[in-house]
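Q: Just work_31.pdb, nothing more (PDB, C-alpha atoms (C1' of nucleotides)):
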```
ATOM      1  CA  MET A   1      46.065 -34.080 -80.141
ATOM      2  CA  ASN A   2      43.314 -31.556 -79.612
ATOM      3  CA  TYR A   3      43.279 -28.251 -77.797
ATOM      4  CA  TRP A   4      40.645 -26.692 -75.571
ATOM      5  CA  LEU A   5      39.878 -23.688 -73.421
ATOM      6  CA  PHE A   6      38.603 -24.001 -69.865
ATOM      7  CA  LYS A   7      36.928 -20.908 -68.512
ATOM      8  CA  SER A   8      36.642 -20.209 -64.823
ATOM      9  CA  GLU A   9      35.585 -17.356 -62.621
ATOM     10  CA  PRO A  10      38.664 -16.883 -60.390
ATOM     11  CA  SER A  11      36.564 -16.310 -57.260
ATOM     12  CA  THR A  12      35.133 -19.783 -57.815
ATOM     13  CA  TRP A  13      38.216 -21.669 -59.028
ATOM     14  CA  SER A  14      41.388 -19.838 -60.001
ATOM     15  CA  TRP A  15      44.616 -20.724 -61.764
ATOM     16  CA  ASP A  16      46.267 -20.423 -58.370
ATOM     17  CA  ASP A  17      43.886 -23.054 -57.000
ATOM     18  CA  GLN A  18      44.705 -25.262 -59.962
ATOM     19  CA  LEU A  19      48.450 -24.905 -59.274
ATOM     20  CA  LYS A  20      47.961 -25.687 -55.600
ATOM     21  CA  ALA A  21      46.102 -28.850 -56.551
ATOM     22  CA  GLY A  22      49.452 -30.117 -57.801
ATOM     23  CA  LYS A  23      50.219 -32.772 -60.331
ATOM     24  CA  LYS A  24      47.472 -35.154 -59.345
ATOM     25  CA  GLY A  25      45.094 -32.629 -60.875
ATOM     26  CA  THR A  26      41.458 -31.897 -60.201
ATOM     27  CA  GLU A  27      37.981 -32.627 -61.447
ATOM     28  CA  TRP A  28      36.549 -30.078 -63.859
ATOM     29  CA  ASN A  29      33.095 -30.453 -62.420
ATOM     30  CA  GLY A  30      29.985 -28.299 -62.428
ATOM     31  CA  VAL A  31      29.587 -27.921 -66.179
ATOM     32  CA  ARG A  32      25.856 -27.737 -66.927
ATOM     33  CA  ASN A  33      25.736 -26.899 -70.588
ATOM     34  CA  PHE A  34      25.174 -29.378 -73.386
ATOM     35  CA  GLN A  35      27.686 -27.902 -75.780
ATOM     36  CA  ALA A  36      30.364 -27.761 -73.125
ATOM     37  CA  ARG A  37      29.599 -31.364 -72.223
ATOM     38  CA  LYS A  38      29.930 -32.397 -75.839
ATOM     39  CA  ASN A  39      33.341 -30.760 -75.955
ATOM     40  CA  MET A  40      34.466 -32.570 -72.824
ATOM     41  CA  GLN A  41      33.325 -35.884 -74.261
ATOM     42  CA  LYS A  42      35.643 -35.349 -77.209
ATOM     43  CA  MET A  43      38.672 -34.856 -74.982
ATOM     44  CA  LYS A  44      41.425 -37.438 -74.936
ATOM     45  CA  LYS A  45      44.045 -38.040 -72.311
ATOM     46  CA  GLY A  46      47.029 -35.859 -73.175
ATOM     47  CA  ASP A  47      45.007 -33.096 -74.861
ATOM     48  CA  LYS A  48      46.180 -29.624 -73.928
ATOM     49  CA  GLY A  49      44.070 -26.740 -72.723
ATOM     50  CA  LEU A  50      44.217 -23.056 -71.923
ATOM     51  CA  PHE A  51      43.034 -21.948 -68.485
ATOM     52  CA  TYR A  52      41.096 -18.686 -68.784
ATOM     53  CA  HIS A  53      39.924 -16.316 -66.063
ATOM     54  CA  SER A  54      36.549 -14.727 -66.786
ATOM     55  CA  GLY A  55      35.037 -11.798 -64.903
ATOM     56  CA  ASP A  56      37.298  -8.906 -63.963
ATOM     57  CA  GLU A  57      40.508 -10.406 -65.315
ATOM     58  CA  ARG A  58      39.596 -11.831 -68.706
ATOM     59  CA  ARG A  59      42.912 -13.430 -69.581
ATOM     60  CA  VAL A  60      44.560 -16.754 -70.300
ATOM     61  CA  MET A  61      46.570 -17.749 -67.250
ATOM     62  CA  GLY A  62      48.164 -21.067 -68.014
ATOM     63  CA  VAL A  63      48.316 -24.374 -69.798
ATOM     64  CA  VAL A  64      46.624 -27.520 -68.549
ATOM     65  CA  GLU A  65      46.484 -31.131 -69.677
ATOM     66  CA  VAL A  66      43.613 -33.593 -69.694
ATOM     67  CA  ILE A  67      44.550 -36.549 -67.478
ATOM     68  CA  LYS A  68      41.193 -38.328 -67.292
ATOM     69  CA  GLU A  69      38.582 -38.558 -70.001
ATOM     70  CA  ALA A  70      34.889 -37.787 -69.516
ATOM     71  CA  TYR A  71      33.117 -39.606 -66.694
ATOM     72  CA  PRO A  72      29.962 -38.879 -64.654
ATOM     73  CA  ASP A  73      29.984 -35.646 -62.643
ATOM     74  CA  HIS A  74      29.118 -36.708 -59.106
ATOM     75  CA  THR A  75      28.208 -33.121 -58.175
ATOM     76  CA  ALA A  76      25.177 -33.234 -60.480
ATOM     77  CA  GLU A  77      21.962 -33.739 -58.576
ATOM     78  CA  GLU A  78      20.085 -34.636 -61.706
ATOM     79  CA  GLY A  79      20.788 -35.168 -65.355
ATOM     80  CA  ASP A  80      23.548 -36.953 -67.217
ATOM     81  CA  TRP A  81      26.431 -34.540 -66.684
ATOM     82  CA  GLN A  82      30.068 -35.327 -67.106
ATOM     83  CA  MET A  83      33.483 -34.011 -66.185
ATOM     84  CA  VAL A  84      37.140 -34.592 -66.992
ATOM     85  CA  ASP A  85      40.244 -34.289 -64.832
ATOM     86  CA  ILE A  86      42.899 -31.725 -65.670
ATOM     87  CA  VAL A  87      46.303 -30.826 -64.287
ATOM     88  CA  ALA A  88      48.253 -27.554 -64.427
ATOM     89  CA  VAL A  89      51.218 -27.843 -66.791
ATOM     90  CA  GLN A  90      52.712 -24.370 -66.823
ATOM     91  CA  GLY A  91      51.831 -20.800 -65.932
ATOM     92  CA  LEU A  92      52.201 -18.142 -68.596
ATOM     93  CA  LYS A  93      54.830 -15.507 -67.982
ATOM     94  CA  ASN A  94      52.628 -12.816 -69.483
ATOM     95  CA  PRO A  95      48.947 -13.788 -69.313
ATOM     96  CA  VAL A  96      47.171 -13.018 -72.580
ATOM     97  CA  ASN A  97      44.289 -10.581 -72.262
ATOM     98  CA  LEU A  98      40.978 -10.942 -74.042
ATOM     99  CA  SER A  99      41.595  -7.546 -75.651
ATOM    100  CA  GLU A 100      44.843  -8.849 -77.178
ATOM    101  CA  ILE A 101      43.033 -11.907 -78.443
ATOM    102  CA  LYS A 102      40.332  -9.803 -80.090
ATOM    103  CA  GLU A 103      42.925  -7.607 -81.778
ATOM    104  CA  HIS A 104      45.075 -10.446 -83.068
ATOM    105  CA  PRO A 105      44.302 -11.481 -86.653
ATOM    106  CA  LEU A 106      45.007 -15.137 -85.902
ATOM    107  CA  LEU A 107      42.944 -15.187 -82.721
ATOM    108  CA  GLU A 108      39.930 -13.000 -83.387
ATOM    109  CA  ASP A 109      37.894 -15.968 -84.620
ATOM    110  CA  MET A 110      38.422 -18.052 -81.502
ATOM    111  CA  VAL A 111      35.281 -19.709 -80.160
ATOM    112  CA  LEU A 112      36.039 -17.871 -76.930
ATOM    113  CA  VAL A 113      35.362 -14.607 -78.771
ATOM    114  CA  LYS A 114      32.533 -15.802 -81.019
ATOM    115  CA  GLN A 115      30.645 -17.639 -78.312
ATOM    116  CA  GLY A 116      31.367 -15.728 -75.163
ATOM    117  CA  ARG A 117      29.196 -17.755 -72.828
ATOM    118  CA  LEU A 118      30.538 -21.201 -73.632
ATOM    119  CA  SER A 119      32.666 -22.360 -70.697
ATOM    120  CA  VAL A 120      34.506 -25.225 -72.386
ATOM    121  CA  SER A 121      35.444 -24.495 -75.974
ATOM    122  CA  PRO A 122      37.666 -25.901 -78.718
ATOM    123  CA  VAL A 123      40.905 -24.149 -79.674
ATOM    124  CA  THR A 124      42.874 -24.799 -82.858
ATOM    125  CA  LYS A 125      46.504 -25.874 -82.749
ATOM    126  CA  GLN A 126      47.495 -22.570 -84.289
ATOM    127  CA  GLU A 127      45.487 -20.540 -81.788
ATOM    128  CA  PHE A 128      47.031 -22.488 -78.936
ATOM    129  CA  GLU A 129      50.535 -21.954 -80.245
ATOM    130  CA  VAL A 130      50.017 -18.263 -80.939
ATOM    131  CA  ILE A 131      48.778 -17.660 -77.407
ATOM    132  CA  VAL A 132      51.666 -19.516 -75.798
ATOM    133  CA  GLU A 133      54.023 -17.589 -78.058
ATOM    134  CA  LEU A 134      52.494 -14.264 -77.032
ATOM    135  CA  ALA A 135      52.729 -15.177 -73.379
ATOM    136  CA  GLU A 136      56.243 -16.490 -73.395
ATOM    137  CA  GLY A 137      57.793 -14.410 -76.154
TER     138      GLY A 137
ATOM    139  C1'  DG B   1       6.620 -26.932 -82.632
ATOM    140  C1'  DC B   2       6.678 -22.120 -81.703
ATOM    141  C1'  DC B   3       7.591 -18.306 -78.968
ATOM    142  C1'  DA B   4       7.377 -15.260 -74.940
ATOM    143  C1'  DA B   5       9.191 -14.881 -70.468
ATOM    144  C1'  DC B   6      12.672 -15.554 -67.552
ATOM    145  C1'  DG B   7      17.363 -16.631 -65.621
ATOM    146  C1'  DT B   8      22.356 -16.697 -66.120
ATOM    147  C1'  DT B   9      26.789 -15.545 -67.891
ATOM    148  C1'  DG B  10      30.172 -12.526 -69.065
ATOM    149  C1'  DG B  11      31.862  -8.260 -71.150
ATOM    150  C1'  DC B  12      31.772  -3.373 -70.965
TER     151       DC B  12
ATOM    152  C1'  DG C   1      25.205  -1.455 -62.901
ATOM    153  C1'  DC C   2      23.720  -2.435 -67.324
ATOM    154  C1'  DC C   3      22.902  -5.044 -71.269
ATOM    155  C1'  DA C   4      23.584  -8.467 -75.051
ATOM    156  C1'  DA C   5      23.726 -13.176 -75.958
ATOM    157  C1'  DC C   6      22.320 -17.414 -74.996
ATOM    158  C1'  DG C   7      19.873 -21.293 -72.752
ATOM    159  C1'  DT C   8      15.761 -23.080 -70.510
ATOM    160  C1'  DT C   9      11.009 -23.333 -69.320
ATOM    161  C1'  DG C  10       6.255 -23.366 -69.922
ATOM    162  C1'  DG C  11       1.923 -21.990 -72.222
ATOM    163  C1'  DC C  12      -0.509 -22.461 -76.282
TER     164       DC C  12
END
```
Go ahead and render the structure in this file as structure tokens.

A:
Amino acid sequence: MNYWLFKSEPSTWSWDDQLKAGKKGTEWNGVRNFQARKNMQKMKKGDKGLFYHSGDERRVMGVVEVIKEAYPDHTAEEGDWQMVDIVAVQGLKNPVNLSEIKEHPLLEDMVLVKQGRLSVSPVTKQEFEVIVELAEG
DNA sequence: GCCAACGTTGGC
DNA sequence: GCCAACGTTGGC
């Protein structure tokens, strides 16, 4: 199983919106970046992800799961863009702030930190587990 | 194929 | 509000 991070501006699509969408999940559409697309194409059903709020909040809000692998993004007016479907799995008791991530020796090398503008990024198993631990511990 | 100009994202 | 980082576009 692989792990990922999905970044969203909460005024556009928030963790709350994701929760309200319920267990049938939602399309992760609108990605218009080749590297992010490549990451989505690697996703398998059952992969886990972190849901991150960018902008004013800058923190990991919850855990999601990939429920549908990459398929064409119907919101794209041109170009070969793709999306996956994800579902909210659990909220984190204590959301993990970007500042905590940057200070943590096991997290400071996360792609999220190294490549700030990438909206869909890979996360290692260890990074995923450390973040859930921080949030629930 | 290179690079300058420009636009966007996201953190501070 | 500003700026750094990054991606895209277009001229040469």

Q: Nearest to chain C among A:Leu118, A:Leu19, A:Ile131, A:Ile67, with distances taken over all atoms listed in the file: which residue is it?

A: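 Closest residue, counting all atoms listed in the file: A:Leu118.
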
Q: Enumerate, as a list in words, the residues matched when the PyMOL selection byres ((chain B) within 12 of (chain A)) is run on the file above.

A: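 On the file shown, the PyMOL selection byres ((chain B) within 12 of (chain A)) covers DT8, DT9, DG10, DG11 and DC12 of chain B.
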
Q: Report, as AutoDock Vina command-line options, the centre and edge lengths in Å (one decimal) of the axis-aligned box enclosing every listed atom of chain C, padded by 4 Å on each side.

A:
```
--center_x 12.3 --center_y -12.4 --center_z -69.6 --size_x 33.7 --size_y 29.9 --size_z 21.4
```

Q: What does the distance from atom CA of A:Lys44 to atom CA of A:Glu69 come to in Å, to one decimal?

A: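 So the answer is 5.8 Å.
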
Q: Around (30.5, -34.7, -67.4) in the file's own coordinates, what residues are found within 8 Å if you use all atoms listed in the file, given back as a list in words?

A: Asn29, Val31, Arg37, Met40, Gln41, Ala70, Tyr71, Pro72, Asp73, Asp80, Trp81, Gln82, Met83 and Val84 of chain A

Q: Those selected residues, please, written with C-alpha atoms and delivered as a PDB file, in the coordinates of the input.

A:
```pdb
ATOM      1  CA  ASN A  29      33.095 -30.453 -62.420  1.00  0.00           C
ATOM      2  CA  VAL A  31      29.587 -27.921 -66.179  1.00  0.00           C
ATOM      3  CA  ARG A  37      29.599 -31.364 -72.223  1.00  0.00           C
ATOM      4  CA  MET A  40      34.466 -32.570 -72.824  1.00  0.00           C
ATOM      5  CA  GLN A  41      33.325 -35.884 -74.261  1.00  0.00           C
ATOM      6  CA  ALA A  70      34.889 -37.787 -69.516  1.00  0.00           C
ATOM      7  CA  TYR A  71      33.117 -39.606 -66.694  1.00  0.00           C
ATOM      8  CA  PRO A  72      29.962 -38.879 -64.654  1.00  0.00           C
ATOM      9  CA  ASP A  73      29.984 -35.646 -62.643  1.00  0.00           C
ATOM     10  CA  ASP A  80      23.548 -36.953 -67.217  1.00  0.00           C
ATOM     11  CA  TRP A  81      26.431 -34.540 -66.684  1.00  0.00           C
ATOM     12  CA  GLN A  82      30.068 -35.327 -67.106  1.00  0.00           C
ATOM     13  CA  MET A  83      33.483 -34.011 -66.185  1.00  0.00           C
ATOM     14  CA  VAL A  84      37.140 -34.592 -66.992  1.00  0.00           C
TER      15      VAL A  84
END
```

Q: Please compute the atom CA of A:Ala135-atom CA of A:Leu106 distance, one decimal, in Å.

A: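 Value for the atom CA of A:Ala135-atom CA of A:Leu106 distance: 14.7 Å.
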